[in-house]
file target_7.pdb (PDB, C-alpha atoms)
ATOM      1  CA  MET A  28     -11.799  31.744   9.417
ATOM      2  CA  ILE A  29     -10.611  28.351  10.584
ATOM      3  CA  THR A  30      -7.775  26.933   8.470
ATOM      4  CA  TYR A  31      -8.065  23.258   7.503
ATOM      5  CA  LYS A  32      -5.242  20.948   6.424
ATOM      6  CA  GLN A  33      -5.665  18.389   3.636
ATOM      7  CA  LEU A  34      -5.567  14.817   4.914
ATOM      8  CA  SER A  35      -2.327  12.928   4.218
ATOM      9  CA  LEU A  36      -0.663   9.748   5.395
ATOM     10  CA  GLU A  37       1.636  11.678   7.713
ATOM     11  CA  ASP A  38      -1.400  12.859   9.726
ATOM     12  CA  LYS A  39      -2.249   9.347  10.980
ATOM     13  CA  PRO A  40      -0.554   9.646  14.420
ATOM     14  CA  LEU A  41      -2.190  13.000  15.175
ATOM     15  CA  ILE A  42      -5.667  11.961  14.062
ATOM     16  CA  GLU A  43      -5.492   8.646  15.906
ATOM     17  CA  SER A  44      -4.342  10.427  19.081
ATOM     18  CA  TYR A  45      -7.767  12.125  19.121
ATOM     19  CA  LEU A  46      -9.730   9.080  17.961
ATOM     20  CA  CYS A  47      -8.396   7.007  20.866
ATOM     21  CA  GLN A  48      -9.731   9.596  23.327
ATOM     22  CA  ASP A  49     -13.278   9.054  22.089
ATOM     23  CA  PHE A  50     -15.428   5.974  21.456
ATOM     24  CA  PHE A  51     -17.249   5.175  18.226
ATOM     25  CA  TYR A  52     -19.285   2.405  16.684
ATOM     26  CA  LEU A  53     -19.529   4.159  13.323
ATOM     27  CA  SER A  54     -17.056   3.356  10.560
ATOM     28  CA  ASP A  55     -16.698   6.792   8.981
ATOM     29  CA  VAL A  56     -13.983   8.414  11.075
ATOM     30  CA  SER A  57     -11.328   5.699  11.331
ATOM     31  CA  PHE A  58      -8.107   6.810   9.687
ATOM     32  CA  GLY A  59      -8.187   3.836   7.332
ATOM     33  CA  ASN A  60     -11.646   4.791   6.092
ATOM     34  CA  LEU A  61     -10.704   8.451   5.667
ATOM     35  CA  TYR A  62      -7.547   7.561   3.746
ATOM     36  CA  ILE A  63      -9.194   4.982   1.500
ATOM     37  CA  TRP A  64     -11.772   7.557   0.355
ATOM     38  CA  HIS A  65      -9.668  10.740   0.420
ATOM     39  CA  THR A  66      -9.229  10.689  -3.367
ATOM     40  CA  SER A  67     -12.992  10.658  -4.012
ATOM     41  CA  ARG A  68     -13.728  13.758  -1.969
ATOM     42  CA  ASN A  69     -11.949  16.615  -0.259
ATOM     43  CA  ILE A  70     -11.117  15.589   3.325
ATOM     44  CA  SER A  71      -9.387  18.067   5.609
ATOM     45  CA  PHE A  72      -9.090  18.602   9.339
ATOM     46  CA  CYS A  73      -8.039  20.979  12.093
ATOM     47  CA  ILE A  74      -7.953  21.199  15.877
ATOM     48  CA  VAL A  75     -10.655  23.503  17.273
ATOM     49  CA  ALA A  76     -10.971  24.206  21.026
ATOM     50  CA  GLY A  77      -8.995  21.049  21.750
ATOM     51  CA  PHE A  78     -11.024  18.742  19.498
ATOM     52  CA  LEU A  79     -10.369  17.152  16.125
ATOM     53  CA  VAL A  80     -12.729  18.447  13.426
ATOM     54  CA  ILE A  81     -12.932  16.644  10.075
ATOM     55  CA  ARG A  82     -14.349  18.567   7.110
ATOM     56  CA  THR A  83     -15.528  16.793   3.962
ATOM     57  CA  GLN A  84     -16.738  18.047   0.591
ATOM     58  CA  TYR A  85     -17.742  16.061  -2.473
ATOM     59  CA  PRO A  86     -17.122  17.587  -5.919
ATOM     60  CA  GLN A  87     -19.808  20.226  -6.539
ATOM     61  CA  GLY A  88     -21.223  19.513  -3.067
ATOM     62  CA  LYS A  89     -21.600  21.542   0.110
ATOM     63  CA  PRO A  90     -19.048  20.980   2.882
ATOM     64  CA  PHE A  91     -20.081  18.978   5.927
ATOM     65  CA  TYR A  92     -18.425  17.963   9.169
ATOM     66  CA  PHE A  93     -18.148  14.970  11.439
ATOM     67  CA  TYR A  94     -18.953  15.597  15.084
ATOM     68  CA  PRO A  95     -15.937  16.930  17.043
ATOM     69  CA  ILE A  96     -13.640  14.128  18.202
ATOM     70  CA  GLY A  97     -11.950  14.007  21.592
ATOM     71  CA  THR A  98     -12.816  13.972  25.250
ATOM     72  CA  GLY A  99     -14.632  16.620  27.289
ATOM     73  CA  ASP A 100     -17.270  19.296  26.705
ATOM     74  CA  LYS A 101     -17.590  19.969  22.974
ATOM     75  CA  THR A 102     -19.825  23.037  23.298
ATOM     76  CA  GLN A 103     -17.127  25.636  22.583
ATOM     77  CA  CYS A 104     -15.960  23.674  19.562
ATOM     78  CA  VAL A 105     -19.474  23.539  18.097
ATOM     79  CA  LEU A 106     -19.937  27.279  18.740
ATOM     80  CA  ALA A 107     -16.679  27.989  16.903
ATOM     81  CA  LEU A 108     -17.857  25.877  13.952
ATOM     82  CA  ILE A 109     -21.189  27.725  13.858
ATOM     83  CA  GLU A 110     -19.419  31.097  13.725
ATOM     84  CA  ASP A 111     -16.903  29.879  11.141
ATOM     85  CA  SER A 112     -19.708  28.587   8.909
ATOM     86  CA  LYS A 113     -21.453  31.967   9.136
ATOM     87  CA  ALA A 114     -18.215  33.707   8.113
ATOM     88  CA  ARG A 115     -18.028  31.392   5.089
ATOM     89  CA  GLY A 116     -21.632  32.145   4.147
ATOM     90  CA  GLU A 117     -22.623  28.551   4.912
ATOM     91  CA  ARG A 118     -24.823  26.667   7.356
ATOM     92  CA  LEU A 119     -23.044  24.206   9.612
ATOM     93  CA  GLU A 120     -23.966  20.643   8.674
ATOM     94  CA  PHE A 121     -22.962  17.512  10.550
ATOM     95  CA  ARG A 122     -23.239  14.047   8.995
ATOM     96  CA  SER A 123     -22.888  10.507  10.339
ATOM     97  CA  LEU A 124     -23.935  11.547  13.825
ATOM     98  CA  GLU A 125     -24.427   8.743  16.308
ATOM     99  CA  ALA A 126     -27.487   8.939  18.557
ATOM    100  CA  ARG A 127     -25.399  10.077  21.525
ATOM    101  CA  SER A 128     -24.099  13.032  19.501
ATOM    102  CA  VAL A 129     -27.660  13.986  18.571
ATOM    103  CA  GLN A 130     -28.518  13.930  22.271
ATOM    104  CA  GLU A 131     -25.557  16.192  23.082
ATOM    105  CA  LEU A 132     -26.489  18.736  20.429
ATOM    106  CA  THR A 133     -30.119  18.701  21.526
ATOM    107  CA  LEU A 134     -29.105  19.232  25.145
ATOM    108  CA  HIS A 135     -26.619  22.068  24.604
ATOM    109  CA  PHE A 136     -28.235  23.694  21.555
ATOM    110  CA  PRO A 137     -32.005  23.206  21.902
ATOM    111  CA  ASP A 138     -33.971  24.169  18.783
ATOM    112  CA  LEU A 139     -30.793  25.190  16.928
ATOM    113  CA  PHE A 140     -30.409  22.082  14.747
ATOM    114  CA  THR A 141     -32.762  20.011  12.627
ATOM    115  CA  PHE A 142     -32.054  16.271  12.623
ATOM    116  CA  THR A 143     -32.722  13.714   9.893
ATOM    117  CA  PRO A 144     -31.997   9.978  10.115
ATOM    118  CA  ASN A 145     -30.162   8.503   7.127
ATOM    119  CA  ARG A 146     -30.963   4.776   6.874
ATOM    120  CA  ASP A 147     -28.855   4.377   3.732
ATOM    121  CA  ARG A 148     -25.767   5.271   5.774
ATOM    122  CA  SER A 149     -26.471   3.062   8.791
ATOM    123  CA  ASP A 150     -23.617   0.660   9.542
ATOM    124  CA  TYR A 151     -24.305  -3.074   9.800
ATOM    125  CA  VAL A 152     -22.783  -4.700  12.875
ATOM    126  CA  TYR A 153     -22.391  -8.475  13.294
ATOM    127  CA  SER A 154     -21.272 -10.898  15.979
ATOM    128  CA  ILE A 155     -17.782 -12.063  15.028
ATOM    129  CA  LYS A 156     -18.269 -15.316  16.920
ATOM    130  CA  GLU A 157     -21.459 -16.039  14.956
ATOM    131  CA  LEU A 158     -19.878 -15.230  11.592
ATOM    132  CA  ILE A 159     -16.980 -17.563  12.340
ATOM    133  CA  GLU A 160     -19.153 -20.456  13.517
ATOM    134  CA  LEU A 161     -22.166 -19.952  11.173
ATOM    135  CA  SER A 162     -24.228 -22.168  13.460
ATOM    136  CA  GLY A 163     -27.991 -22.542  13.462
ATOM    137  CA  ARG A 164     -30.822 -22.217  10.977
ATOM    138  CA  LYS A 165     -30.351 -18.510  10.320
ATOM    139  CA  TYR A 166     -26.921 -19.201   8.812
ATOM    140  CA  HIS A 167     -27.967 -22.345   6.957
ATOM    141  CA  LYS A 168     -27.546 -20.878   3.445
ATOM    142  CA  LYS A 169     -24.208 -19.270   4.273
ATOM    143  CA  LYS A 170     -22.915 -22.525   5.756
ATOM    144  CA  ASN A 171     -23.999 -24.408   2.617
ATOM    145  CA  HIS A 172     -22.045 -22.002   0.399
ATOM    146  CA  LEU A 173     -19.041 -22.316   2.687
ATOM    147  CA  ASN A 174     -19.206 -26.123   2.704
ATOM    148  CA  GLN A 175     -19.470 -26.161  -1.079
ATOM    149  CA  PHE A 176     -16.253 -24.182  -1.298
ATOM    150  CA  LEU A 177     -14.503 -26.469   1.186
ATOM    151  CA  GLN A 178     -15.604 -29.581  -0.686
ATOM    152  CA  THR A 179     -14.636 -28.207  -4.088
ATOM    153  CA  TYR A 180     -11.329 -26.647  -3.020
ATOM    154  CA  PRO A 181     -10.011 -28.663  -0.052
ATOM    155  CA  ASP A 182      -6.473 -27.466  -0.795
ATOM    156  CA  TYR A 183      -7.323 -23.790  -0.229
ATOM    157  CA  SER A 184      -5.110 -21.694   2.028
ATOM    158  CA  TYR A 185      -5.493 -18.470   4.003
ATOM    159  CA  THR A 186      -2.584 -16.019   4.175
ATOM    160  CA  SER A 187      -2.388 -12.796   6.163
ATOM    161  CA  ILE A 188      -1.575  -9.734   4.079
ATOM    162  CA  ASP A 189       1.783  -8.154   4.923
ATOM    163  CA  PRO A 190       4.214  -5.806   3.125
ATOM    164  CA  SER A 191       5.834  -8.764   1.329
ATOM    165  CA  ASN A 192       2.639 -10.012  -0.356
ATOM    166  CA  ALA A 193       0.510  -6.827  -0.571
ATOM    167  CA  PRO A 194       1.873  -6.136  -4.106
ATOM    168  CA  ARG A 195       0.645  -9.578  -5.190
ATOM    169  CA  VAL A 196      -2.836  -8.835  -3.817
ATOM    170  CA  LEU A 197      -2.756  -5.471  -5.585
ATOM    171  CA  GLN A 198      -1.806  -7.118  -8.878
ATOM    172  CA  THR A 199      -4.716  -9.556  -8.503
ATOM    173  CA  TRP A 200      -7.123  -6.713  -7.806
ATOM    174  CA  GLU A 201      -5.893  -4.707 -10.807
ATOM    175  CA  GLU A 202      -6.453  -7.731 -13.050
ATOM    176  CA  TRP A 203      -9.998  -8.166 -11.707
ATOM    177  CA  TYR A 204     -10.815  -4.486 -12.050
ATOM    178  CA  ALA A 205      -9.500  -4.386 -15.624
ATOM    179  CA  LEU A 206     -12.081  -7.001 -16.599
ATOM    180  CA  ASN A 207     -14.915  -4.706 -15.460
ATOM    181  CA  GLN A 208     -13.340  -1.304 -15.945
ATOM    182  CA  GLU A 209     -15.438  -0.379 -18.966
ATOM    183  CA  GLY A 210     -18.657   1.190 -17.788
ATOM    184  CA  ALA A 211     -17.583   1.288 -14.136
ATOM    185  CA  SER A 212     -19.610   3.691 -12.013
ATOM    186  CA  GLU A 213     -18.010   6.661 -10.294
ATOM    187  CA  GLY A 214     -18.345   4.794  -7.004
ATOM    188  CA  LEU A 215     -16.446   1.770  -8.317
ATOM    189  CA  LYS A 216     -13.735   4.003  -9.772
ATOM    190  CA  ASN A 217     -13.303   5.688  -6.399
ATOM    191  CA  GLU A 218     -13.260   2.329  -4.626
ATOM    192  CA  ASN A 219     -10.586   1.125  -7.051
ATOM    193  CA  LEU A 220      -8.371   4.084  -6.157
ATOM    194  CA  GLY A 221      -9.015   3.455  -2.481
ATOM    195  CA  ILE A 222      -7.994  -0.200  -2.716
ATOM    196  CA  ILE A 223      -4.826   0.743  -4.618
ATOM    197  CA  ASN A 224      -3.895   3.406  -2.051
ATOM    198  CA  ALA A 225      -4.607   1.053   0.855
ATOM    199  CA  LEU A 226      -2.524  -1.829  -0.511
ATOM    200  CA  LYS A 227       0.358   0.433  -1.510
ATOM    201  CA  ASN A 228       0.459   1.868   2.027
ATOM    202  CA  TYR A 229      -0.774  -1.227   3.831
ATOM    203  CA  HIS A 230       1.892  -1.423   6.534
ATOM    204  CA  VAL A 231       1.811   2.299   7.349
ATOM    205  CA  LEU A 232      -1.987   2.264   7.640
ATOM    206  CA  GLY A 233      -1.861  -0.576  10.155
ATOM    207  CA  LEU A 234      -4.570  -2.572   8.392
ATOM    208  CA  LYS A 235      -5.202  -6.257   9.046
ATOM    209  CA  GLY A 236      -6.315  -8.552   6.264
ATOM    210  CA  GLY A 237      -5.800 -11.741   4.342
ATOM    211  CA  PHE A 238      -6.400 -13.624   1.124
ATOM    212  CA  ILE A 239      -7.632 -17.049   0.058
ATOM    213  CA  SER A 240      -5.598 -19.011  -2.489
ATOM    214  CA  VAL A 241      -6.547 -22.059  -4.517
ATOM    215  CA  GLY A 242      -3.724 -23.783  -6.338
ATOM    216  CA  GLY A 243      -1.521 -20.744  -5.754
ATOM    217  CA  VAL A 244      -4.091 -18.354  -7.283
ATOM    218  CA  ILE A 245      -5.704 -15.626  -5.145
ATOM    219  CA  VAL A 246      -9.485 -16.017  -5.290
ATOM    220  CA  ALA A 247     -10.553 -13.607  -2.512
ATOM    221  CA  PHE A 248      -9.122 -10.948  -0.219
ATOM    222  CA  SER A 249     -10.345  -8.648   2.525
ATOM    223  CA  PHE A 250      -8.958  -6.155   5.024
ATOM    224  CA  GLY A 251     -10.049  -3.852   7.823
ATOM    225  CA  GLU A 252      -8.949  -2.388  11.140
ATOM    226  CA  ALA A 253      -9.943  -2.241  14.801
ATOM    227  CA  ILE A 254     -11.804   0.966  15.703
ATOM    228  CA  ASN A 255     -12.243   0.374  19.433
ATOM    229  CA  GLN A 256     -11.742  -2.346  22.031
ATOM    230  CA  GLU A 257     -14.885  -4.160  20.896
ATOM    231  CA  MET A 258     -15.164  -3.666  17.164
ATOM    232  CA  ALA A 259     -13.351  -4.140  13.880
ATOM    233  CA  VAL A 260     -14.512  -2.470  10.697
ATOM    234  CA  ILE A 261     -14.192  -4.382   7.425
ATOM    235  CA  HIS A 262     -13.327  -1.883   4.709
ATOM    236  CA  ILE A 263     -12.917  -4.075   1.655
ATOM    237  CA  GLU A 264     -14.001  -7.604   0.679
ATOM    238  CA  LYS A 265     -13.480  -8.873  -2.870
ATOM    239  CA  ALA A 266     -13.734 -12.337  -4.429
ATOM    240  CA  ASN A 267     -13.633 -14.034  -7.809
ATOM    241  CA  PRO A 268     -17.288 -15.028  -8.449
ATOM    242  CA  GLN A 269     -16.150 -18.029 -10.489
ATOM    243  CA  TYR A 270     -15.223 -19.708  -7.199
ATOM    244  CA  HIS A 271     -18.525 -20.547  -5.533
ATOM    245  CA  GLY A 272     -18.420 -19.734  -1.820
ATOM    246  CA  ALA A 273     -15.347 -17.508  -2.090
ATOM    247  CA  TYR A 274     -17.102 -14.611  -0.347
ATOM    248  CA  GLN A 275     -18.237 -16.859   2.511
ATOM    249  CA  ILE A 276     -14.767 -18.336   3.058
ATOM    250  CA  ILE A 277     -12.922 -14.997   3.093
ATOM    251  CA  ASN A 278     -15.562 -13.512   5.405
ATOM    252  CA  GLN A 279     -15.133 -16.347   7.890
ATOM    253  CA  GLN A 280     -11.373 -16.775   7.636
ATOM    254  CA  LEU A 281     -10.553 -13.068   7.922
ATOM    255  CA  LEU A 282     -12.478 -12.826  11.177
ATOM    256  CA  ALA A 283     -11.063 -16.081  12.531
ATOM    257  CA  HIS A 284      -7.443 -15.153  11.808
ATOM    258  CA  GLU A 285      -7.349 -11.377  12.248
ATOM    259  CA  PHE A 286     -10.198 -10.231  14.507
ATOM    260  CA  SER A 287     -11.342 -13.177  16.658
ATOM    261  CA  GLU A 288     -10.580 -11.284  19.888
ATOM    262  CA  TYR A 289     -13.208  -8.628  19.089
ATOM    263  CA  LEU A 290     -16.953  -8.855  19.705
ATOM    264  CA  TYR A 291     -18.275  -7.107  16.636
ATOM    265  CA  ALA A 292     -17.577  -6.670  12.936
ATOM    266  CA  ASN A 293     -18.829  -3.440  11.371
ATOM    267  CA  ARG A 294     -19.359  -4.058   7.650
ATOM    268  CA  GLU A 295     -20.327  -0.468   6.873
ATOM    269  CA  GLU A 296     -23.417   0.835   5.073
ATOM    270  CA  ASP A 297     -25.506  -0.247   2.086
ATOM    271  CA  LEU A 298     -25.787   3.243   0.489
ATOM    272  CA  GLY A 299     -29.441   2.529  -0.284
ATOM    273  CA  ILE A 300     -28.500  -0.082  -2.901
ATOM    274  CA  GLU A 301     -31.236  -2.721  -2.746
ATOM    275  CA  GLY A 302     -29.062  -5.717  -3.611
ATOM    276  CA  LEU A 303     -26.383  -4.663  -1.138
ATOM    277  CA  ARG A 304     -29.002  -4.198   1.576
ATOM    278  CA  ARG A 305     -30.351  -7.700   1.021
ATOM    279  CA  ALA A 306     -26.836  -9.133   1.127
ATOM    280  CA  LYS A 307     -25.968  -7.337   4.368
ATOM    281  CA  MET A 308     -29.259  -8.311   6.012
ATOM    282  CA  SER A 309     -28.706 -11.947   5.000
ATOM    283  CA  TYR A 310     -25.767 -12.129   7.406
ATOM    284  CA  ASN A 311     -28.075 -11.330  10.361
ATOM    285  CA  PRO A 312     -26.702  -8.123  11.885
ATOM    286  CA  VAL A 313     -27.000  -7.885  15.665
ATOM    287  CA  PHE A 314     -27.672  -4.159  15.364
ATOM    288  CA  LEU A 315     -27.376  -1.180  13.043
ATOM    289  CA  VAL A 316     -25.401   1.938  13.902
ATOM    290  CA  GLU A 317     -28.001   4.586  13.166
ATOM    291  CA  LYS A 318     -26.612   7.757  11.625
ATOM    292  CA  PHE A 319     -28.194  11.190  11.561
ATOM    293  CA  GLU A 320     -27.622  14.443   9.728
ATOM    294  CA  ALA A 321     -27.910  17.798  11.477
ATOM    295  CA  VAL A 322     -28.240  21.260   9.937
ATOM    296  CA  CYS A 323     -27.801  24.432  11.977
ATOM    297  CA  LEU A 324     -30.719  26.835  11.615
ATOM    298  CA  GLN A 325     -28.563  29.935  12.061
TER     299      GLN A 325
END

call {"tool": "encode", "arguments": {"input": "target_7.pdb", "output": "structure tokens"}}
result
Amino acid sequence: MITYKQLSLEDKPLIESYLCQDFFYLSDVSFGNLYIWHTSRNISFCIVAGFLVIRTQYPQGKPFYFYPIGTGDKTQCVLALIEDSKARGERLEFRSLEARSVQELTLHFPDLFTFTPNRDRSDYVYSIKELIELSGRKYHKKKNHLNQFLQTYPDYSYTSIDPSNAPRVLQTWEEWYALNQEGASEGLKNENLGIINALKNYHVLGLKGGFISVGGVIVAFSFGEAINQEMAVIHIEKANPQYHGAYQIINQQLLAHEFSEYLYANREEDLGIEGLRRAKMSYNPVFLVEKFEAVCLQ
């Protein structure tokens, strides 16, 4: 059977050497995303037939795979995964497939996979230029919130996160989380661990982010990373709700200071949470990255 290695920080150069050979719009397979969530589920990887294969398993869940990553014909890699899954007594299951990957599987393995779209996992993609400018009627409410913040806190400042101030951001986050720790869902607990891991290893991960201060107090922070020549993915955005417009100002300022040279901002999925879906739709995505799940019938 294929031997998989548990994901660790030291694997970043190897994994990114394969990621840069391929092209993605989806947020799932960036190293930053994998590392942020590696404590909430088992994430491992190996090289199969010259391609990077990432294997994921939630507690008490069945293992699944991301589509092979690299350049060239992936047929032999998929065949190897099919045979390995049989040897394990499992059915090969891919998740977070982009449409082009569905087309490849359909072409090379006709009638061998069933495909199911997963709307809850679709990534929301926005125009960075539009989110910086917030011009026009469709951004009227967002611009009002932003202006309210600017009028109330004209002395605000934006600071890029770096190794010297990441501990201060982490301390702020830990104070915020402590206020809501009781009764936190499993998802929020996992996110908390992810934020801690990301800020503790911020420089090594190569993340780009910043925070908003008012009177020397951090009121919002956010960070992400570039995933291709066109797109940045925003992994985390947090704000103190007592400061009206804090989410709008960190959203705008992060993009203006850290990612203005990119076309698109991928703000990840809504997980089927109604309130989160409304919030993400309210920012007027230019498109969604549709994701599919595939199960091998053999």

call {"tool": "residues_around", "arguments": {"input": "target_7.pdb", "residues": "region 166-182 of chain A", "least_positions_apart": "4", "cutoff": "7 Å", "atoms": "all atoms listed in the file", "output": "JSON, numbers by chain"}}
result
{"A": [161, 162, 241, 271, 272, 273, 275, 276]}

call {"tool": "resolve_selection", "arguments": {"input": "target_7.pdb", "expression": "the PyMOL selection byres ((chain A and resi 289-293) around 10)", "output": "number ranges by chain"}}
result
A: 52-54, 150-158, 251-262, 282, 285-288, 294-296, 312-316

call {"tool": "closest_residue", "arguments": {"input": "target_7.pdb", "among": "A:Ala76, A:Leu34, A:Ile96, A:Ala266", "to": "Gln48 (chain A)", "atoms": "all atoms listed in the file"}}
result
A:Ile96

call {"tool": "atom_distance", "arguments": {"input": "target_7.pdb", "atom1": "CA of Ala193 (chain A)", "atom2": "CA of Glu43 (chain A)"}}
result
23.4 Å

call {"tool": "axis_aligned_box", "arguments": {"input": "target_7.pdb", "around": "region 237-245 of chain A", "padding_each_side": "3 Å", "output": "lines of an AutoDock Vina configuration file"}}
result
center_x = -4.6
center_y = -17.8
center_z = -1.5
size_x = 12.1
size_y = 18.0
size_z = 17.6

call {"tool": "build_atoms", "arguments": {"input": "target_7.pdb", "residues": "region 161-169 of chain A", "atoms": "all heavy atoms", "output": "short mmCIF file (atom, residue, chain, number, x, y, z; two decimals), in the coordinates of the input"}}
result
data_model
loop_
_atom_site.label_atom_id
_atom_site.label_comp_id
_atom_site.auth_asym_id
_atom_site.auth_seq_id
_atom_site.Cartn_x
_atom_site.Cartn_y
_atom_site.Cartn_z
N LEU A 161 -21.04 -19.76 12.10
CA LEU A 161 -22.17 -19.95 11.17
C LEU A 161 -23.08 -21.10 11.62
O LEU A 161 -23.50 -21.94 10.82
CB LEU A 161 -21.66 -20.21 9.75
CG LEU A 161 -20.91 -19.06 9.08
CD1 LEU A 161 -20.40 -19.47 7.70
CD2 LEU A 161 -21.77 -17.82 8.96
N SER A 162 -23.39 -21.10 12.90
CA SER A 162 -24.23 -22.17 13.46
C SER A 162 -25.70 -21.78 13.42
O SER A 162 -26.05 -20.59 13.46
CB SER A 162 -23.82 -22.45 14.91
OG SER A 162 -22.48 -22.88 14.97
N GLY A 163 -26.56 -22.78 13.36
CA GLY A 163 -27.99 -22.54 13.46
C GLY A 163 -28.67 -22.30 12.13
O GLY A 163 -28.03 -22.09 11.09
N ARG A 164 -30.01 -22.32 12.19
CA ARG A 164 -30.82 -22.22 10.98
C ARG A 164 -30.62 -20.90 10.24
O ARG A 164 -30.64 -20.87 9.01
CB ARG A 164 -32.30 -22.41 11.35
CG ARG A 164 -33.25 -22.27 10.17
CD ARG A 164 -34.68 -22.56 10.57
NE ARG A 164 -34.86 -23.97 10.94
CZ ARG A 164 -36.04 -24.48 11.31
NH1 ARG A 164 -37.11 -23.68 11.40
NH2 ARG A 164 -36.13 -25.75 11.61
N LYS A 165 -30.42 -19.82 10.99
CA LYS A 165 -30.35 -18.51 10.32
C LYS A 165 -29.11 -18.37 9.44
O LYS A 165 -29.05 -17.48 8.58
CB LYS A 165 -30.41 -17.37 11.34
CG LYS A 165 -29.24 -17.28 12.30
CD LYS A 165 -29.46 -16.12 13.27
CE LYS A 165 -28.32 -15.97 14.26
NZ LYS A 165 -28.52 -14.82 15.17
N TYR A 166 -28.12 -19.24 9.66
CA TYR A 166 -26.92 -19.20 8.81
C TYR A 166 -26.85 -20.41 7.89
O TYR A 166 -25.79 -20.70 7.32
CB TYR A 166 -25.66 -19.15 9.68
CG TYR A 166 -25.50 -17.85 10.44
CD1 TYR A 166 -25.67 -17.80 11.82
CD2 TYR A 166 -25.18 -16.67 9.77
CE1 TYR A 166 -25.53 -16.61 12.51
CE2 TYR A 166 -25.04 -15.47 10.45
CZ TYR A 166 -25.21 -15.45 11.83
OH TYR A 166 -25.08 -14.27 12.50
N HIS A 167 -27.96 -21.10 7.72
CA HIS A 167 -27.97 -22.34 6.96
C HIS A 167 -27.45 -22.15 5.52
O HIS A 167 -26.59 -22.90 5.05
CB HIS A 167 -29.38 -22.93 6.94
CG HIS A 167 -29.50 -24.21 6.17
ND1 HIS A 167 -28.92 -25.40 6.61
CD2 HIS A 167 -30.11 -24.50 4.99
CE1 HIS A 167 -29.18 -26.36 5.73
NE2 HIS A 167 -29.90 -25.84 4.74
N LYS A 168 -27.95 -21.11 4.83
CA LYS A 168 -27.55 -20.88 3.44
C LYS A 168 -26.08 -20.51 3.36
O LYS A 168 -25.35 -20.97 2.46
CB LYS A 168 -28.41 -19.79 2.81
CG LYS A 168 -29.85 -20.22 2.54
CD LYS A 168 -30.62 -19.12 1.83
CE LYS A 168 -32.05 -19.56 1.53
NZ LYS A 168 -32.83 -18.49 0.84
N LYS A 169 -25.62 -19.67 4.29
CA LYS A 169 -24.21 -19.27 4.27
C LYS A 169 -23.31 -20.48 4.52
O LYS A 169 -22.26 -20.63 3.87
CB LYS A 169 -23.95 -18.20 5.34
CG LYS A 169 -24.80 -16.95 5.21
CD LYS A 169 -24.58 -16.24 3.89
CE LYS A 169 -25.42 -14.98 3.80
NZ LYS A 169 -25.35 -14.36 2.45
#
